[in-house]
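Data from protein35.cif: mmCIF, C-alpha atoms
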```cif
data_data
loop_
_atom_site.label_atom_id
_atom_site.label_comp_id
_atom_site.auth_asym_id
_atom_site.auth_seq_id
_atom_site.Cartn_x
_atom_site.Cartn_y
_atom_site.Cartn_z
CA MET A 1233 -24.51 -6.86 24.99
CA ASP A 1234 -21.51 -6.07 22.79
CA LEU A 1235 -20.11 -9.31 21.33
CA SER A 1236 -18.13 -7.56 18.61
CA THR A 1237 -14.50 -8.44 17.97
CA THR A 1238 -11.77 -7.88 15.40
CA TYR A 1239 -9.93 -10.67 13.59
CA LEU A 1240 -7.61 -10.39 10.59
CA GLY A 1241 -8.51 -6.74 10.38
CA LEU A 1242 -12.20 -7.63 10.00
CA ARG A 1243 -14.69 -6.06 12.42
CA LEU A 1244 -17.09 -8.88 13.32
CA PRO A 1245 -20.38 -8.70 15.26
CA HIS A 1246 -19.57 -11.81 17.30
CA PRO A 1247 -16.78 -14.41 17.62
CA PHE A 1248 -18.42 -17.56 16.17
CA LEU A 1249 -16.89 -18.26 12.74
CA PRO A 1250 -17.87 -21.37 10.77
CA GLY A 1251 -14.44 -22.98 10.30
CA ALA A 1252 -12.92 -24.73 7.30
CA SER A 1253 -15.26 -27.60 6.45
CA PRO A 1254 -17.81 -28.88 3.92
CA LEU A 1255 -20.26 -26.25 5.21
CA CYS A 1256 -19.21 -23.80 2.50
CA ASP A 1257 -19.32 -26.31 -0.37
CA ASP A 1258 -22.97 -25.59 -1.15
CA LEU A 1259 -24.25 -22.09 -1.86
CA ASP A 1260 -27.59 -22.78 -0.19
CA THR A 1261 -25.79 -23.71 3.03
CA VAL A 1262 -23.56 -20.66 2.68
CA ARG A 1263 -26.69 -18.48 2.55
CA ARG A 1264 -28.16 -20.30 5.55
CA LEU A 1265 -24.99 -19.56 7.51
CA GLU A 1266 -25.25 -15.89 6.64
CA ASP A 1267 -28.95 -15.85 7.56
CA ALA A 1268 -28.06 -17.49 10.91
CA GLY A 1269 -25.71 -14.61 11.62
CA ALA A 1270 -22.29 -15.96 10.62
CA PRO A 1271 -19.89 -12.99 10.83
CA ALA A 1272 -17.53 -14.50 8.24
CA LEU A 1273 -16.89 -17.85 6.56
CA VAL A 1274 -13.80 -20.03 6.35
CA MET A 1275 -13.88 -22.26 3.27
CA ARG A 1276 -12.56 -25.79 3.03
CA SER A 1277 -8.91 -26.09 1.99
CA LEU A 1278 -7.34 -26.32 -1.41
CA PHE A 1279 -4.49 -28.80 -0.97
CA GLU A 1280 -0.96 -28.24 -2.17
CA GLU A 1281 -1.07 -31.78 -3.57
CA GLN A 1282 -3.95 -30.79 -5.83
CA ILE A 1283 -1.95 -27.92 -7.29
CA VAL A 1284 1.14 -30.09 -7.73
CA GLY A 1285 -0.98 -32.83 -9.28
CA GLU A 1286 -2.45 -30.42 -11.79
CA GLN A 1287 1.03 -29.19 -12.71
CA LEU A 1288 2.33 -32.75 -13.10
CA SER A 1289 -0.68 -33.73 -15.15
CA ALA A 1290 -0.12 -30.82 -17.52
CA PHE A 1291 3.55 -31.76 -17.78
CA ALA A 1292 2.64 -35.39 -18.49
CA HIS A 1293 0.53 -34.33 -21.48
CA ILE A 1294 3.50 -32.43 -22.88
CA GLU A 1295 6.21 -34.95 -21.96
CA ARG A 1296 4.33 -38.20 -22.41
CA HIS A 1297 7.44 -40.31 -22.05
CA GLY A 1298 8.60 -38.71 -18.81
CA GLU A 1299 8.66 -41.67 -16.45
CA SER A 1300 9.40 -39.53 -13.42
CA SER A 1301 6.22 -37.55 -13.97
CA ALA A 1302 4.10 -40.68 -14.25
CA GLU A 1303 5.66 -42.08 -11.10
CA ALA A 1304 5.11 -38.86 -9.20
CA LEU A 1305 1.47 -38.75 -10.26
CA SER A 1306 0.91 -42.24 -8.89
CA PHE A 1307 1.60 -41.00 -5.34
CA LEU A 1308 -1.05 -38.26 -5.44
CA PRO A 1309 -4.78 -38.65 -4.72
CA GLN A 1310 -6.89 -38.89 -7.83
CA PRO A 1311 -8.74 -35.70 -8.83
CA ARG A 1312 -12.07 -37.36 -8.11
CA SER A 1313 -11.01 -37.61 -4.44
CA PHE A 1314 -11.40 -33.84 -4.07
CA VAL A 1315 -14.61 -31.81 -4.03
CA PHE A 1316 -13.02 -28.96 -6.00
CA GLY A 1317 -10.06 -28.98 -8.33
CA PRO A 1318 -7.74 -25.94 -8.27
CA GLU A 1319 -9.64 -24.01 -10.95
CA GLU A 1320 -12.99 -25.08 -9.51
CA TYR A 1321 -11.85 -23.83 -6.12
CA LEU A 1322 -11.12 -20.37 -7.51
CA ASN A 1323 -14.53 -20.30 -9.19
CA HIS A 1324 -16.20 -21.38 -5.97
CA VAL A 1325 -14.51 -18.63 -3.97
CA ARG A 1326 -15.88 -16.17 -6.52
CA ARG A 1327 -19.39 -17.66 -6.31
CA VAL A 1328 -19.40 -17.61 -2.51
CA LYS A 1329 -18.32 -13.95 -2.51
CA GLU A 1330 -21.16 -13.14 -4.89
CA ALA A 1331 -23.68 -15.09 -2.80
CA VAL A 1332 -23.09 -13.42 0.58
CA GLY A 1333 -22.27 -10.03 2.00
CA ILE A 1334 -19.94 -11.20 4.78
CA PRO A 1335 -16.16 -11.71 4.63
CA VAL A 1336 -14.93 -14.93 3.00
CA ILE A 1337 -11.69 -16.52 4.17
CA ALA A 1338 -10.19 -19.00 1.72
CA SER A 1339 -7.93 -21.82 2.89
CA LEU A 1340 -4.78 -23.54 1.67
CA ASN A 1341 -3.38 -26.75 3.13
CA GLY A 1342 0.24 -27.74 2.60
CA VAL A 1343 3.76 -27.58 3.92
CA THR A 1344 6.32 -26.74 1.23
CA ALA A 1345 7.34 -23.39 -0.20
CA HIS A 1346 7.35 -24.50 -3.84
CA GLY A 1347 4.01 -26.25 -4.33
CA TRP A 1348 1.66 -23.28 -4.54
CA SER A 1349 2.29 -21.92 -8.03
CA ASP A 1350 0.29 -18.66 -8.28
CA TYR A 1351 -2.75 -19.87 -6.35
CA PRO A 1352 -2.43 -17.66 -3.25
CA ARG A 1353 -2.37 -14.62 -5.54
CA LEU A 1354 -5.22 -15.99 -7.66
CA ILE A 1355 -7.32 -16.61 -4.55
CA GLU A 1356 -6.82 -12.98 -3.61
CA GLU A 1357 -7.72 -11.85 -7.12
CA VAL A 1358 -11.06 -13.70 -7.12
CA GLY A 1359 -12.10 -11.78 -4.03
CA ALA A 1360 -11.14 -13.61 -0.83
CA ASP A 1361 -11.03 -11.21 2.10
CA ALA A 1362 -8.33 -13.20 3.89
CA LEU A 1363 -6.45 -16.48 3.60
CA GLU A 1364 -5.93 -19.26 6.13
CA LEU A 1365 -2.85 -21.44 5.63
CA ASN A 1366 -3.01 -24.84 7.28
CA VAL A 1367 0.57 -26.13 7.67
CA TYR A 1368 -0.36 -29.76 8.17
CA THR A 1369 2.64 -32.08 8.10
CA LEU A 1370 3.30 -35.61 9.37
CA ALA A 1371 7.01 -36.34 9.80
CA LEU A 1372 6.90 -40.16 9.82
CA ASP A 1373 10.47 -40.57 8.57
CA PRO A 1374 12.95 -40.84 11.50
CA ALA A 1375 15.60 -39.24 9.28
CA VAL A 1376 13.60 -35.99 9.12
CA SER A 1377 14.55 -33.72 12.01
CA GLY A 1378 12.34 -31.33 13.90
CA PRO A 1379 14.24 -28.23 12.72
CA ARG A 1380 13.82 -29.38 9.11
CA VAL A 1381 10.05 -29.80 9.54
CA GLU A 1382 9.71 -26.40 11.17
CA GLY A 1383 11.95 -24.77 8.56
CA GLU A 1384 9.78 -26.09 5.72
CA CYS A 1385 6.64 -24.82 7.42
CA LEU A 1386 8.12 -21.37 7.90
CA GLU A 1387 9.25 -21.24 4.28
CA ALA A 1388 5.72 -22.14 3.21
CA ILE A 1389 4.37 -19.23 5.27
CA ARG A 1390 6.90 -16.86 3.71
CA ALA A 1391 6.10 -18.10 0.21
CA VAL A 1392 2.38 -17.45 0.66
CA ARG A 1393 2.99 -14.10 2.38
CA ARG A 1394 5.06 -12.93 -0.59
CA GLN A 1395 2.14 -13.53 -2.93
CA VAL A 1396 -0.75 -11.90 -1.08
CA ARG A 1397 -1.60 -8.57 0.48
CA ILE A 1398 -4.77 -9.78 2.19
CA PRO A 1399 -4.53 -10.83 5.86
CA LEU A 1400 -2.96 -14.25 6.44
CA ALA A 1401 -3.87 -16.63 9.27
CA VAL A 1402 -1.77 -19.73 9.92
CA LYS A 1403 -3.34 -22.84 11.41
CA LEU A 1404 -0.85 -24.65 13.63
CA SER A 1405 -0.41 -28.07 15.17
CA PRO A 1406 0.30 -28.43 18.90
CA PHE A 1407 3.02 -30.99 18.17
CA TYR A 1408 6.11 -28.79 18.11
CA SER A 1409 8.84 -29.11 20.72
CA SER A 1410 8.19 -25.43 21.53
CA PRO A 1411 4.74 -24.38 20.30
CA ALA A 1412 5.23 -20.87 21.68
CA GLY A 1413 8.60 -20.50 19.96
CA PHE A 1414 7.29 -21.76 16.64
CA ALA A 1415 4.27 -19.47 16.94
CA ARG A 1416 6.61 -16.50 17.34
CA GLU A 1417 8.54 -17.55 14.23
CA ALA A 1418 5.32 -18.00 12.26
CA VAL A 1419 4.33 -14.42 13.08
CA ALA A 1420 7.79 -13.21 12.07
CA ALA A 1421 7.37 -15.12 8.77
CA GLY A 1422 4.22 -13.16 7.96
CA ALA A 1423 1.23 -14.56 9.88
CA ASP A 1424 -1.29 -11.91 10.93
CA ALA A 1425 -3.14 -14.43 13.10
CA LEU A 1426 -2.72 -17.94 14.44
CA VAL A 1427 -5.42 -20.62 14.56
CA LEU A 1428 -4.99 -23.12 17.42
CA PHE A 1429 -5.07 -26.03 16.72
CA ASN A 1430 -5.23 -28.29 13.73
CA ARG A 1431 -6.85 -31.68 14.36
CA PHE A 1432 -4.89 -34.69 13.14
CA TYR A 1433 -7.19 -37.42 11.88
CA GLN A 1434 -5.87 -40.76 13.05
CA PRO A 1435 -6.16 -43.97 11.03
CA ASP A 1436 -7.64 -47.10 12.52
CA ILE A 1437 -6.79 -50.73 11.79
CA ASP A 1438 -9.23 -53.31 10.48
CA ALA A 1439 -7.62 -56.26 12.25
CA ALA A 1440 -9.74 -58.92 10.53
CA ASN A 1441 -8.97 -57.73 7.00
CA LEU A 1442 -5.45 -56.42 7.68
CA GLN A 1443 -6.21 -52.95 6.40
CA ALA A 1444 -5.46 -49.47 7.66
CA GLU A 1445 -8.60 -47.39 7.47
CA PRO A 1446 -9.12 -43.63 7.58
CA SER A 1447 -11.33 -42.49 10.45
CA LEU A 1448 -13.07 -39.21 11.08
CA HIS A 1449 -14.44 -38.23 14.46
CA LEU A 1450 -16.03 -34.87 15.11
CA SER A 1451 -14.53 -32.84 17.92
CA SER A 1452 -15.78 -32.80 21.50
CA PRO A 1453 -15.49 -30.22 24.32
CA ALA A 1454 -12.77 -32.43 25.83
CA GLU A 1455 -10.39 -31.00 23.21
CA LEU A 1456 -10.82 -27.41 24.36
CA PRO A 1457 -8.42 -27.28 27.37
CA LEU A 1458 -5.36 -27.83 25.16
CA ARG A 1459 -6.36 -24.80 23.10
CA LEU A 1460 -7.08 -22.71 26.20
CA ARG A 1461 -3.63 -23.37 27.64
CA TRP A 1462 -1.75 -22.25 24.54
CA VAL A 1463 -3.97 -19.30 23.71
CA ALA A 1464 -3.50 -18.12 27.30
CA ALA A 1465 0.27 -18.55 26.95
CA LEU A 1466 0.44 -16.60 23.66
CA SER A 1467 -2.12 -13.89 24.35
CA ARG A 1468 -0.65 -10.38 24.17
CA ARG A 1469 2.87 -11.79 23.67
CA LEU A 1470 3.00 -12.05 19.89
CA GLY A 1471 1.08 -9.04 18.61
CA CYS A 1472 -1.13 -11.13 16.34
CA GLY A 1473 -4.73 -12.32 16.24
CA LEU A 1474 -5.68 -15.62 17.84
CA ALA A 1475 -8.46 -18.05 16.94
CA VAL A 1476 -9.48 -21.20 18.81
CA THR A 1477 -10.68 -24.14 16.76
CA GLY A 1478 -11.55 -27.58 18.09
CA GLY A 1479 -13.76 -28.23 21.10
CA VAL A 1480 -16.03 -25.16 21.02
CA HIS A 1481 -19.55 -26.56 21.31
CA SER A 1482 -21.34 -24.02 23.52
CA GLY A 1483 -21.48 -20.37 24.39
CA LEU A 1484 -19.57 -21.08 27.61
CA ASP A 1485 -16.80 -22.80 25.63
CA ALA A 1486 -16.43 -19.61 23.63
CA VAL A 1487 -16.43 -17.48 26.80
CA LYS A 1488 -13.47 -19.53 28.07
CA ALA A 1489 -11.62 -19.08 24.77
CA ILE A 1490 -12.12 -15.30 24.86
CA MET A 1491 -11.04 -15.13 28.50
CA ALA A 1492 -7.87 -17.02 27.56
CA GLY A 1493 -7.15 -14.35 24.96
CA ALA A 1494 -8.73 -15.48 21.67
CA ASP A 1495 -10.28 -13.00 19.28
CA VAL A 1496 -12.64 -15.53 17.71
CA THR A 1497 -13.63 -19.17 17.85
CA GLN A 1498 -14.09 -21.40 14.83
CA VAL A 1499 -16.95 -23.88 15.04
CA VAL A 1500 -17.47 -26.85 12.75
CA SER A 1501 -18.47 -30.09 14.47
CA VAL A 1502 -21.42 -28.63 16.36
CA LEU A 1503 -22.74 -27.04 13.14
CA LEU A 1504 -22.33 -30.29 11.22
CA ARG A 1505 -24.35 -32.02 13.93
CA ARG A 1506 -27.03 -29.38 14.46
CA GLY A 1507 -27.10 -27.28 11.32
CA PRO A 1508 -26.14 -23.69 10.44
CA GLU A 1509 -28.98 -22.23 12.51
CA HIS A 1510 -27.23 -23.41 15.69
CA LEU A 1511 -25.05 -20.33 15.38
CA GLN A 1512 -27.95 -18.37 16.84
CA VAL A 1513 -28.05 -20.70 19.85
CA LEU A 1514 -24.32 -20.28 20.49
CA ARG A 1515 -24.60 -16.52 20.29
CA GLY A 1516 -27.60 -16.52 22.63
CA GLU A 1517 -25.81 -18.75 25.14
CA MET A 1518 -22.83 -16.42 25.25
CA SER A 1519 -24.98 -13.31 25.62
CA GLU A 1520 -27.01 -14.88 28.42
CA TRP A 1521 -23.93 -16.03 30.33
CA MET A 1522 -22.28 -12.62 30.04
CA GLU A 1523 -25.42 -10.85 31.20
CA GLN A 1524 -25.75 -13.16 34.20
CA HIS A 1525 -22.13 -12.50 35.17
CA GLU A 1526 -22.27 -8.76 34.43
CA TRP A 1527 -19.90 -8.57 31.50
CA GLY A 1528 -20.82 -5.77 29.12
CA SER A 1529 -18.60 -6.65 26.19
CA LEU A 1530 -16.14 -9.15 24.75
CA ALA A 1531 -13.46 -6.46 24.93
CA GLU A 1532 -13.80 -6.33 28.73
CA MET A 1533 -13.55 -10.09 28.99
CA LYS A 1534 -10.77 -10.78 26.51
CA GLY A 1535 -7.58 -12.07 28.10
CA VAL A 1536 -8.65 -11.80 31.72
CA MET A 1537 -7.48 -15.40 32.21
CA ASP A 1538 -4.36 -15.36 30.07
CA LEU A 1539 -0.95 -16.26 31.47
CA ASP A 1540 -0.16 -12.68 32.48
CA ARG A 1541 -3.47 -11.87 34.17
CA CYS A 1542 -4.64 -15.22 35.52
CA PRO A 1543 -4.79 -15.18 39.37
CA ASP A 1544 -2.85 -18.49 39.42
CA PRO A 1545 -0.55 -18.75 36.35
CA ALA A 1546 0.89 -22.03 37.68
CA VAL A 1547 -2.32 -23.72 36.48
CA TYR A 1548 -1.02 -23.34 32.92
CA GLU A 1549 2.50 -24.48 33.74
CA ARG A 1550 4.40 -27.55 34.96
CA ALA A 1551 3.30 -26.95 38.56
CA ASN A 1552 -0.24 -27.89 37.58
CA TYR A 1553 0.98 -31.26 36.27
CA MET A 1554 2.60 -32.07 39.61
CA LEU A 1555 -0.40 -30.83 41.59
CA MET A 1556 -2.88 -32.89 39.61
CA LEU A 1557 -0.89 -36.11 39.97
CA GLN A 1558 -0.47 -35.62 43.71
CA SER A 1559 -4.14 -34.72 44.15
CA TRP A 1560 -5.18 -37.85 42.27
CA ARG A 1561 -2.99 -40.02 44.48
CA ARG A 1562 -4.51 -38.51 47.62
CA ALA A 1563 -8.03 -38.97 46.27
CA ALA A 1564 -7.31 -42.56 45.29
CA ALA A 1565 -5.82 -43.33 48.70
CA ALA A 1566 -8.84 -41.84 50.45
CA ALA A 1567 -11.17 -43.93 48.30
CA VAL A 1568 -9.27 -47.12 49.09
CA GLY A 1569 -9.27 -46.28 52.79
CA GLY A 1570 -13.00 -45.58 52.69
CA ARG A 1571 -13.73 -49.00 51.24
CA GLY A 1572 -11.73 -50.59 54.04
#
```

Taking this structure as input, can you express it in the form of structure tokens?
Amino acid sequence: MDLSTTYLGLRLPHPFLPGASPLCDDLDTVRRLEDAGAPALVMRSLFEEQIVGEQLSAFAHIERHGESSAEALSFLPQPRSFVFGPEEYLNHVRRVKEAVGIPVIASLNGVTAHGWSDYPRLIEEVGADALELNVYTLALDPAVSGPRVEGECLEAIRAVRRQVRIPLAVKLSPFYSSPAGFAREAVAAGADALVLFNRFYQPDIDAANLQAEPSLHLSSPAELPLRLRWVAALSRRLGCGLAVTGGVHSGLDAVKAIMAGADVTQVVSVLLRRGPEHLQVLRGEMSEWMEQHEWGSLAEMKGVMDLDRCPDPAVYERANYMLMLQSWRRAAAAAVGGRG
């Protein structure tokens, strides 16, 4: 069974990549992932705010009476909030590269074009095989328009692309007015691949103590259909690689992603729950399913259910919305009539 695929110019033996997460923080776990068959690793992100904070901190030591610098620093997370500082991150990329023989994909998280300093280039210099840029932005200010948000994201992609020669993946949100249109612009700005989709962690409210609290929930397979729809819509239309992240918890989930047109899937939550060795289970599940259904390779299967090749493309479009609502009404009416 040939599960091999290509992503970011990297020839990989199978499509299950450990995604950006704490999994790569510890070298022992990194080695366990490699031993379990990980084809490549995506490291946790270095945040733009960390880089800006380091720059402001250095400036504050030089200009101790600069009130604007002190005020700006007060809005940033404290260094102790992060696992790795900017320099530590570079050193960790180097250590991970030395520890394993598989490709290492570093990650940056931010949204402006001016907050990176030289870090994309430095990440390349310490040995990263590719870079994933997570353009995570929350436009909570009603005065900030959609075009402005998208323009800043595209400028950030261009700024990183100018610094590096290694392949660049861009991790997108589904919350654009035209995800397909923005995806096309991201590729034009320099993305070699797109990762669909970022997960936005929603705060909760402690009603008794009147506090907003951060909350973190691992993904579930219920999140996969959103990714399948947009991968299917973009497959073979942009000329770039595609990765699905969020909702892949089984070999069958990955089969669906590949059929929609993905090159790889990124898995995190299921590995956090079950450990690095679960990669072998996922790979076995996919191989078994493909053998049962007489698929010889991922290449044969890729894109057979994308928007252009799906037997019923309306399932991905507005027609499906109308059909589902009407079907539910008929089912509900039948149930009510049956109880009568």

Explicit residues for the PyMOL selection byres ((chain A and resi 1526-1533) around 10) (as a PyMOL selection string): chain A and resi 1233-1238+1246-1247+1487-1488+1490-1493+1495+1518-1525+1534-1537

Atomic distance CA of Pro1271 in chain A - CA of Ile1283 in chain A, expressed in Å with one decimal: 29.5 Å

CA of Leu1514 in chain A to CA of Asn1366 in chain A, distance in Å rounded to a single decimal: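 Rounded to one decimal, the two atoms are 25.5 Å apart.
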
Shell of 12 Å around range 1377-1389 of chain A, only C-alpha atoms, local chain residues under 6 positions omitted, as a ChimeraX atom specification: /A:1280,1340-1349,1352,1363-1371,1395-1396,1400-1405,1407-1411,1413-1426

Just write the chosen residues, C-alpha atoms, as a CSV table (one decimal), in the frame of the given file.
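Listing of result_10.csv after writing:
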```csv
chain,number,residue,atom,x,y,z
A,1280,GLU,CA,-1.0,-28.2,-2.2
A,1340,LEU,CA,-4.8,-23.5,1.7
A,1341,ASN,CA,-3.4,-26.8,3.1
A,1342,GLY,CA,0.2,-27.7,2.6
A,1343,VAL,CA,3.8,-27.6,3.9
A,1344,THR,CA,6.3,-26.7,1.2
A,1345,ALA,CA,7.3,-23.4,-0.2
A,1346,HIS,CA,7.4,-24.5,-3.8
A,1347,GLY,CA,4.0,-26.2,-4.3
A,1348,TRP,CA,1.7,-23.3,-4.5
A,1349,SER,CA,2.3,-21.9,-8.0
A,1352,PRO,CA,-2.4,-17.7,-3.2
A,1363,LEU,CA,-6.4,-16.5,3.6
A,1364,GLU,CA,-5.9,-19.3,6.1
A,1365,LEU,CA,-2.8,-21.4,5.6
A,1366,ASN,CA,-3.0,-24.8,7.3
A,1367,VAL,CA,0.6,-26.1,7.7
A,1368,TYR,CA,-0.4,-29.8,8.2
A,1369,THR,CA,2.6,-32.1,8.1
A,1370,LEU,CA,3.3,-35.6,9.4
A,1371,ALA,CA,7.0,-36.3,9.8
A,1395,GLN,CA,2.1,-13.5,-2.9
A,1396,VAL,CA,-0.8,-11.9,-1.1
A,1400,LEU,CA,-3.0,-14.2,6.4
A,1401,ALA,CA,-3.9,-16.6,9.3
A,1402,VAL,CA,-1.8,-19.7,9.9
A,1403,LYS,CA,-3.3,-22.8,11.4
A,1404,LEU,CA,-0.8,-24.6,13.6
A,1405,SER,CA,-0.4,-28.1,15.2
A,1407,PHE,CA,3.0,-31.0,18.2
A,1408,TYR,CA,6.1,-28.8,18.1
A,1409,SER,CA,8.8,-29.1,20.7
A,1410,SER,CA,8.2,-25.4,21.5
A,1411,PRO,CA,4.7,-24.4,20.3
A,1413,GLY,CA,8.6,-20.5,20.0
A,1414,PHE,CA,7.3,-21.8,16.6
A,1415,ALA,CA,4.3,-19.5,16.9
A,1416,ARG,CA,6.6,-16.5,17.3
A,1417,GLU,CA,8.5,-17.6,14.2
A,1418,ALA,CA,5.3,-18.0,12.3
A,1419,VAL,CA,4.3,-14.4,13.1
A,1420,ALA,CA,7.8,-13.2,12.1
A,1421,ALA,CA,7.4,-15.1,8.8
A,1422,GLY,CA,4.2,-13.2,8.0
A,1423,ALA,CA,1.2,-14.6,9.9
A,1424,ASP,CA,-1.3,-11.9,10.9
A,1425,ALA,CA,-3.1,-14.4,13.1
A,1426,LEU,CA,-2.7,-17.9,14.4
```

Within 8 Å of range 1460-1467 of chain A using all atoms listed in the file, minus same-chain residues under 3 positions, as a list in words: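 Non-adjacent residues within range: Ala1412, Leu1428, Leu1456, Pro1457, Leu1470, Leu1474, Val1476, Lys1488, Ala1489, Ala1492, Gly1493, Ala1494, Gly1535, Met1537, Asp1538, Leu1539 and Tyr1548 of chain A.
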
Gap from CA of Gly1516 in chain A to CA of Arg1263 in chain A - Å, one decimal: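 One can read the CA of Gly1516 in chain A to CA of Arg1263 in chain A distance as 20.2 Å.
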
Nearest candidate to Leu1450 in chain A (options A:Val1284, A:Leu1265, A:Val1500, A:Ala1391; using only C-alpha atoms): A:Val1500

Selection result for the PyMOL selection byres ((chain A and resi 1332) around 8) on this file, as a PyMOL selection string: chain A and resi 1262-1263+1266+1328-1331+1333-1334

Can I get the selection written as an mmCIF file, in the frame of the given file, with C-alpha atoms?
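selection-v2.cif, written as the output of this step:
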```
data_model
loop_
_atom_site.group_PDB
_atom_site.id
_atom_site.type_symbol
_atom_site.label_atom_id
_atom_site.label_comp_id
_atom_site.auth_asym_id
_atom_site.auth_seq_id
_atom_site.Cartn_x
_atom_site.Cartn_y
_atom_site.Cartn_z
ATOM 1 C CA VAL A 1262 -23.560 -20.660 2.680
ATOM 2 C CA ARG A 1263 -26.690 -18.480 2.550
ATOM 3 C CA GLU A 1266 -25.250 -15.890 6.640
ATOM 4 C CA VAL A 1328 -19.400 -17.610 -2.510
ATOM 5 C CA LYS A 1329 -18.320 -13.950 -2.510
ATOM 6 C CA GLU A 1330 -21.160 -13.140 -4.890
ATOM 7 C CA ALA A 1331 -23.680 -15.090 -2.800
ATOM 8 C CA GLY A 1333 -22.270 -10.030 2.000
ATOM 9 C CA ILE A 1334 -19.940 -11.200 4.780
#
```

Which residues would end up in the selection if the PyMOL selection byres ((chain A and resi 1316) around 12) were applied here, given that I need the answer as a short mmCIF file (atom, residue, chain, number, x, y, z; two decimals) with C-alpha atoms, keeping the file's coordinate frame?
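Output (expr_18.cif):
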```cif
data_model
loop_
_atom_site.label_atom_id
_atom_site.label_comp_id
_atom_site.auth_asym_id
_atom_site.auth_seq_id
_atom_site.Cartn_x
_atom_site.Cartn_y
_atom_site.Cartn_z
CA PRO A 1254 -17.81 -28.88 3.92
CA CYS A 1256 -19.21 -23.80 2.50
CA ASP A 1257 -19.32 -26.31 -0.37
CA ASP A 1258 -22.97 -25.59 -1.15
CA MET A 1275 -13.88 -22.26 3.27
CA ARG A 1276 -12.56 -25.79 3.03
CA SER A 1277 -8.91 -26.09 1.99
CA LEU A 1278 -7.34 -26.32 -1.41
CA PHE A 1279 -4.49 -28.80 -0.97
CA GLN A 1282 -3.95 -30.79 -5.83
CA ILE A 1283 -1.95 -27.92 -7.29
CA GLN A 1310 -6.89 -38.89 -7.83
CA PRO A 1311 -8.74 -35.70 -8.83
CA ARG A 1312 -12.07 -37.36 -8.11
CA SER A 1313 -11.01 -37.61 -4.44
CA PHE A 1314 -11.40 -33.84 -4.07
CA VAL A 1315 -14.61 -31.81 -4.03
CA GLY A 1317 -10.06 -28.98 -8.33
CA PRO A 1318 -7.74 -25.94 -8.27
CA GLU A 1319 -9.64 -24.01 -10.95
CA GLU A 1320 -12.99 -25.08 -9.51
CA TYR A 1321 -11.85 -23.83 -6.12
CA LEU A 1322 -11.12 -20.37 -7.51
CA ASN A 1323 -14.53 -20.30 -9.19
CA HIS A 1324 -16.20 -21.38 -5.97
CA VAL A 1325 -14.51 -18.63 -3.97
#
```

Counting all atoms listed in the file, the option among A:Val1480, A:Leu1255, A:Val1336, A:Cys1472 closest to Phe1429 in chain A: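 The closest residue to Phe1429 in chain A is A:Val1480.
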
Contact residues around Leu1273 in chain A with all atoms listed in the file at 7 Å, ignoring same-chain residues under 5 positions, as a list of chain:residue names: A:Leu1249, A:Pro1250, A:Gly1251, A:Pro1335, A:Val1336, A:Ile1337

Polymer residues at most 10 Å from Gly1241 in chain A, all atoms listed in the file, same-chain spacing of 6 or more positions, as a PyMOL selection string: chain A and resi 1361-1362+1398-1399+1424-1425+1473

At the level of N, CA and C atoms, write range 1233-1243 of chain A to a file as a PDB file, in the first residue's frame, please.
```pdb
ATOM      1  N   MET A1233       0.847  -1.194   0.000  1.00  0.00           N
ATOM      2  CA  MET A1233       0.000   0.000   0.000  1.00  0.00           C
ATOM      3  C   MET A1233       0.881   1.243   0.000  1.00  0.00           C
ATOM      4  N   ASP A1234       0.707   2.091  -0.984  1.00  0.00           N
ATOM      5  CA  ASP A1234       1.548   3.287  -1.117  1.00  0.00           C
ATOM      6  C   ASP A1234       0.821   4.492  -0.511  1.00  0.00           C
ATOM      7  N   LEU A1235       1.246   4.884   0.685  1.00  0.00           N
ATOM      8  CA  LEU A1235       0.647   6.040   1.364  1.00  0.00           C
ATOM      9  C   LEU A1235       1.466   7.309   1.171  1.00  0.00           C
ATOM     10  N   SER A1236       2.460   7.268   0.312  1.00  0.00           N
ATOM     11  CA  SER A1236       3.365   8.404   0.175  1.00  0.00           C
ATOM     12  C   SER A1236       2.665   9.609  -0.443  1.00  0.00           C
ATOM     13  N   THR A1237       3.172  10.781  -0.081  1.00  0.00           N
ATOM     14  CA  THR A1237       2.602  12.034  -0.569  1.00  0.00           C
ATOM     15  C   THR A1237       3.703  13.085  -0.577  1.00  0.00           C
ATOM     16  N   THR A1238       3.431  14.206  -1.195  1.00  0.00           N
ATOM     17  CA  THR A1238       4.383  15.316  -1.233  1.00  0.00           C
ATOM     18  C   THR A1238       3.719  16.560  -0.677  1.00  0.00           C
ATOM     19  N   TYR A1239       4.439  17.240   0.212  1.00  0.00           N
ATOM     20  CA  TYR A1239       3.912  18.467   0.834  1.00  0.00           C
ATOM     21  C   TYR A1239       5.068  19.412   1.070  1.00  0.00           C
ATOM     22  N   LEU A1240       4.924  20.657   0.629  1.00  0.00           N
ATOM     23  CA  LEU A1240       5.979  21.665   0.754  1.00  0.00           C
ATOM     24  C   LEU A1240       7.291  21.182   0.123  1.00  0.00           C
ATOM     25  N   GLY A1241       7.158  20.441  -0.937  1.00  0.00           N
ATOM     26  CA  GLY A1241       8.345  19.930  -1.614  1.00  0.00           C
ATOM     27  C   GLY A1241       9.006  18.760  -0.912  1.00  0.00           C
ATOM     28  N   LEU A1242       8.415  18.293   0.181  1.00  0.00           N
ATOM     29  CA  LEU A1242       8.970  17.187   0.964  1.00  0.00           C
ATOM     30  C   LEU A1242       8.260  15.890   0.584  1.00  0.00           C
ATOM     31  N   ARG A1243       9.012  14.886   0.210  1.00  0.00           N
ATOM     32  CA  ARG A1243       8.431  13.574  -0.090  1.00  0.00           C
ATOM     33  C   ARG A1243       8.247  12.830   1.224  1.00  0.00           C
TER      34      ARG A1243
END
```
